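Just below is one structure, and these are the notes that go with it.
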Amino acid sequence: MRILEVKLSKKILPMQYPTVTSWQWQANAFAVLECYPETEPWIMSHFIQLQLTLNQGSSYVDFYRTPTFEFCPWLFHQHLKRDTVQYFNPDICSFITDAIHQGSYVYGVFNQAHFLEGHDWLPHDLFIYGYDLERKVFHAADFTFTGKYSFAEVSFDQLEKAYRAIQPWDDWLYLGRGGLSLLSFNASAGYDFNLGNVIEQLEGFLTGRNCFEKMREMSYRTRPYVSGLAVYEKLIEDLVRIKAGGHEPDYRPFHVICDHKALMVRRILYLERQGYLEGDSGLAERYQRLENDALLCRNLLIKYTLSNQTAIIDKMMANIRNIINNERELIEILLSKLVVG
Amino acid sequence: MGDLNVIGEVIRMIESKAADGASVKPDTPLREVWLKLESVQVVELIVELEGRFGITLPDELLGHIDDDGITAATLAETIARESNEQPT
């Protein structure tokens, strides 16, 4: 017997402002996962290795590996083609409210020019986590509302237009696969902290070897990339090009590095609490200083774009070399002090 | 410019940058204000303060801009110090 469910007039799925805000796919995942303390062992076992993809004109830096939705055991991920969505329900607003009603966040590319002023065309990925049938609005998250990761409301009418405006060639999510993702928290999952995995990633950070390379068939094809400490060397090369006028300044890689340091501080405190590291090791405070150094780099590059003072680039390069030396030393100390059971 | 005037001007410029009717007091942690701004706007404000007071603020400030202890008053103190002006 089929039991008909009555859809609630409004529903908002759990979201909180995330620790990681460097890329929207990471921010969205953290906004959900950080609502559930049981995900902490998984978060602390990942997001250690950094990857810089060698694109022409700009370097793309991100945690390895991404997108989190596709490999996190705590997130149940269903990916649908737009044709499939259309087949199930031609009314996209009704489709999305049904999905949220059933506990799924909805993620996809929308032409946000339909609800953001000052744009004629803005295909960008939006994370929808709630609805209100009476007011006919969705609750959504993205960087586009205010320029930083934030939550906002979008009317049903605007969202439908924004969805319909996307053609297959504009649907760039998941390396051009496009479509809509339905994500729900998988409460039945379990994950034990993986110290061996953490050690392997930390060692790989020092040597620039990505320990997950052996499983690359599970990931997306990428351009050539470097990992770990080698990321900083490439960023210095980028700064040399920026100083010479051959490269546009882009502060986003440094935002990722700030997030990486914030997570390393959190990881060290976690290791201490769990007894994998002797308490009061002093490593968290030293990593906190690296986070400040990374923030300084990000802000100096912004200041350079505002002032064009080349001396700022020299300061940044010196600061990055300082980060390389200190982080190498800190990871070596960390590895030597880990209590392996 | 006296210290009180420096604080007043710093607050005025911060409120103007926040542009959402934000009320900043001398002891308001600026971290709360920054949450409403883009990273670019925060650094813009620092550059504008440097231009307004004819000083260069220490680079270290940009690395600690999110610290809890930074308030409008402490920022004004730093500006006053860099301007070689003593608090009244």
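Ordering of the structure tokens sets the chain letters (A, B, ...); residue numbers start at 1 within each chain; ligands are numbered from 1 in the order shown.
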- prompt: Could you pull the residues within 10 Å of Gly147 (chain A), counting only C-alpha atoms, minus those fewer than 5 positions along the same chain, as a PyMOL selection string?
  reply: (chain A and resi 142) or (chain B and resi 36-41)
- request: For chain A, report every residue with an atom at most 7 Å from chain B (counting only C-alpha atoms), formatted as number ranges by chain.
  value: A: 147-148, 292-293, 295-296, 299, 302-303
- prompt: In chain B, what's helix (DSSP H, G or I) per DSSP? Answer as a ChimeraX atom specification?
  reply: /B:3-18,30-34,39-53,59-63,72-82
Expected answer as a PyMOL selection string: strand (DSSP E or B) residues in region 105-223 of chain A: chain A and resi 105-111+123-132+137-142+150-155+180-185
Selection to disk with C-alpha atoms, as a short mmCIF file (atom, residue, chain, number, x, y, z; two decimals), in the first residue's frame:
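Here's the written file again.cif:
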```cif
data_model
loop_
_atom_site.label_atom_id
_atom_site.label_comp_id
_atom_site.auth_asym_id
_atom_site.auth_seq_id
_atom_site.Cartn_x
_atom_site.Cartn_y
_atom_site.Cartn_z
CA TYR A 105 19.72 19.08 -0.68
CA VAL A 106 19.73 20.05 -4.37
CA TYR A 107 22.88 21.17 -6.16
CA GLY A 108 23.22 22.33 -9.75
CA VAL A 109 24.05 25.13 -12.14
CA PHE A 110 21.58 28.00 -12.51
CA ASN A 111 21.77 31.25 -14.43
CA PRO A 123 25.77 30.37 -14.76
CA HIS A 124 26.92 29.30 -11.30
CA ASP A 125 26.36 26.34 -9.01
CA LEU A 126 23.74 26.84 -6.31
CA PHE A 127 23.09 24.73 -3.22
CA ILE A 128 19.40 24.67 -2.24
CA TYR A 129 18.57 23.56 1.29
CA GLY A 130 15.05 24.74 2.07
CA TYR A 131 11.71 25.98 0.79
CA ASP A 132 8.64 27.92 1.92
CA VAL A 137 10.91 30.98 -1.88
CA PHE A 138 13.87 28.63 -1.72
CA HIS A 139 16.72 28.92 0.76
CA ALA A 140 20.03 28.65 -1.05
CA ALA A 141 23.77 29.06 -0.50
CA ASP A 142 26.52 30.37 -2.75
CA SER A 150 26.34 33.22 2.31
CA PHE A 151 22.73 32.12 2.56
CA ALA A 152 19.85 33.84 0.78
CA GLU A 153 16.31 33.40 -0.49
CA VAL A 154 15.39 32.96 -4.15
CA SER A 155 11.79 33.09 -5.38
CA LEU A 180 21.31 17.96 -10.69
CA SER A 181 22.72 16.38 -7.55
CA LEU A 182 20.47 15.29 -4.72
CA LEU A 183 22.41 14.96 -1.49
CA SER A 184 21.20 13.72 1.83
CA PHE A 185 22.90 13.04 5.12
#
```
- request: Mind checking which residues fall within 7 Å of region 271-277 of chain A, counting only C-alpha atoms, ignoring those fewer than 5 positions away in the same chain, and posting them as a PyMOL selection string?
  value: chain A and resi 337-340
How would the residues just chosen look if you wrote them out with N, CA and C atoms as a compact mmCIF listing (two decimals), in the first residue's frame?
```txt
# COMPACT_ATOMS: atom_id res chain seq x y z
N LYS A 337 55.95 12.50 16.51
CA LYS A 337 55.28 12.44 17.81
C LYS A 337 53.99 11.64 17.82
N LEU A 338 53.52 11.22 16.64
CA LEU A 338 52.25 10.49 16.59
C LEU A 338 52.36 9.15 17.31
N VAL A 339 51.37 8.86 18.07
CA VAL A 339 51.33 7.61 18.83
C VAL A 339 50.60 6.58 17.96
N VAL A 340 51.38 5.68 17.36
CA VAL A 340 50.78 4.68 16.47
C VAL A 340 50.56 3.41 17.28
```
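In this model, the gap between CA of Leu283 (chain A) and CA of Leu206 (chain A) comes to 16.6 Å.
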Region 319-328 of chain A: which residues within 10 Å, counting only C-alpha atoms, same-chain residues fewer than 3 positions away excluded, as a PDB file with C-alpha atoms, in the first residue's frame?
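Here's the written file out.pdb:
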```pdb
ATOM      1  CA  LEU A 202      51.278  13.940   5.665  1.00  0.00           C
ATOM      2  CA  PHE A 205      52.613  16.451   1.631  1.00  0.00           C
ATOM      3  CA  LEU A 206      56.335  16.596   2.422  1.00  0.00           C
ATOM      4  CA  THR A 207      57.491  14.694  -0.652  1.00  0.00           C
ATOM      5  CA  GLY A 228      51.966  19.240  -0.983  1.00  0.00           C
ATOM      6  CA  LEU A 229      54.913  21.560  -0.436  1.00  0.00           C
ATOM      7  CA  ALA A 230      55.475  21.742  -4.211  1.00  0.00           C
ATOM      8  CA  VAL A 231      52.234  23.782  -4.388  1.00  0.00           C
ATOM      9  CA  TYR A 232      54.026  26.684  -2.696  1.00  0.00           C
ATOM     10  CA  GLU A 233      56.922  26.574  -5.171  1.00  0.00           C
ATOM     11  CA  LEU A 235      52.701  29.797  -6.291  1.00  0.00           C
ATOM     12  CA  ILE A 236      56.069  31.573  -6.022  1.00  0.00           C
ATOM     13  CA  LYS A 261      45.986  25.570   7.949  1.00  0.00           C
ATOM     14  CA  ARG A 286      52.691  26.979  15.675  1.00  0.00           C
ATOM     15  CA  TYR A 287      50.247  25.904  12.957  1.00  0.00           C
ATOM     16  CA  ARG A 289      50.899  31.138  13.128  1.00  0.00           C
ATOM     17  CA  LEU A 290      51.111  29.484   9.692  1.00  0.00           C
ATOM     18  CA  GLU A 291      47.393  30.190   9.235  1.00  0.00           C
ATOM     19  CA  ASP A 293      50.984  33.797   7.505  1.00  0.00           C
ATOM     20  CA  ALA A 294      48.678  32.334   4.844  1.00  0.00           C
ATOM     21  CA  LEU A 296      48.774  37.612   5.330  1.00  0.00           C
ATOM     22  CA  CYS A 297      49.676  36.270   1.858  1.00  0.00           C
ATOM     23  CA  ILE A 313      55.084  40.649  -4.130  1.00  0.00           C
ATOM     24  CA  ASP A 314      58.612  40.394  -2.709  1.00  0.00           C
ATOM     25  CA  LYS A 315      57.171  40.275   0.823  1.00  0.00           C
ATOM     26  CA  MET A 316      54.768  37.558  -0.257  1.00  0.00           C
ATOM     27  CA  ILE A 331      54.889  18.026   9.810  1.00  0.00           C
ATOM     28  CA  GLU A 332      58.174  16.217  10.539  1.00  0.00           C
ATOM     29  CA  ILE A 333      57.696  16.897  14.257  1.00  0.00           C
ATOM     30  CA  LEU A 334      54.056  15.851  14.046  1.00  0.00           C
TER      31      LEU A 334
END
```
message: Quick check, in Å to one decimal: how far apart do CA of Val265 (chain A) and CA of Ala284 (chain A) lie?
response: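 Calculated distance between CA of Val265 (chain A) and CA of Ala284 (chain A) is 5.0 Å.
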Exercise: region 71-77 of chain B partners within 6 Å, only C-alpha atoms, chain neighbours under 3 positions left out, as a compact mmCIF listing (two decimals) with C-alpha atoms, in the first residue's frame:
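Result written to result.txt:
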```txt
# COMPACT_ATOMS: atom_id res chain seq x y z
CA VAL B 6 40.94 58.95 15.04
CA ILE B 7 38.53 56.47 16.63
CA PRO B 26 35.09 51.30 19.95
CA ASP B 27 35.01 47.85 21.57
CA THR B 28 33.19 46.06 18.73
CA PRO B 29 35.33 43.10 17.61
CA LEU B 30 35.98 43.85 13.95
CA ALA B 80 47.62 56.85 16.03
```
query: By how many Å are CA of Gly8 (chain B) and CA of Glu48 (chain B) apart?
result: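 Distance between the two atoms: 15.0 Å.
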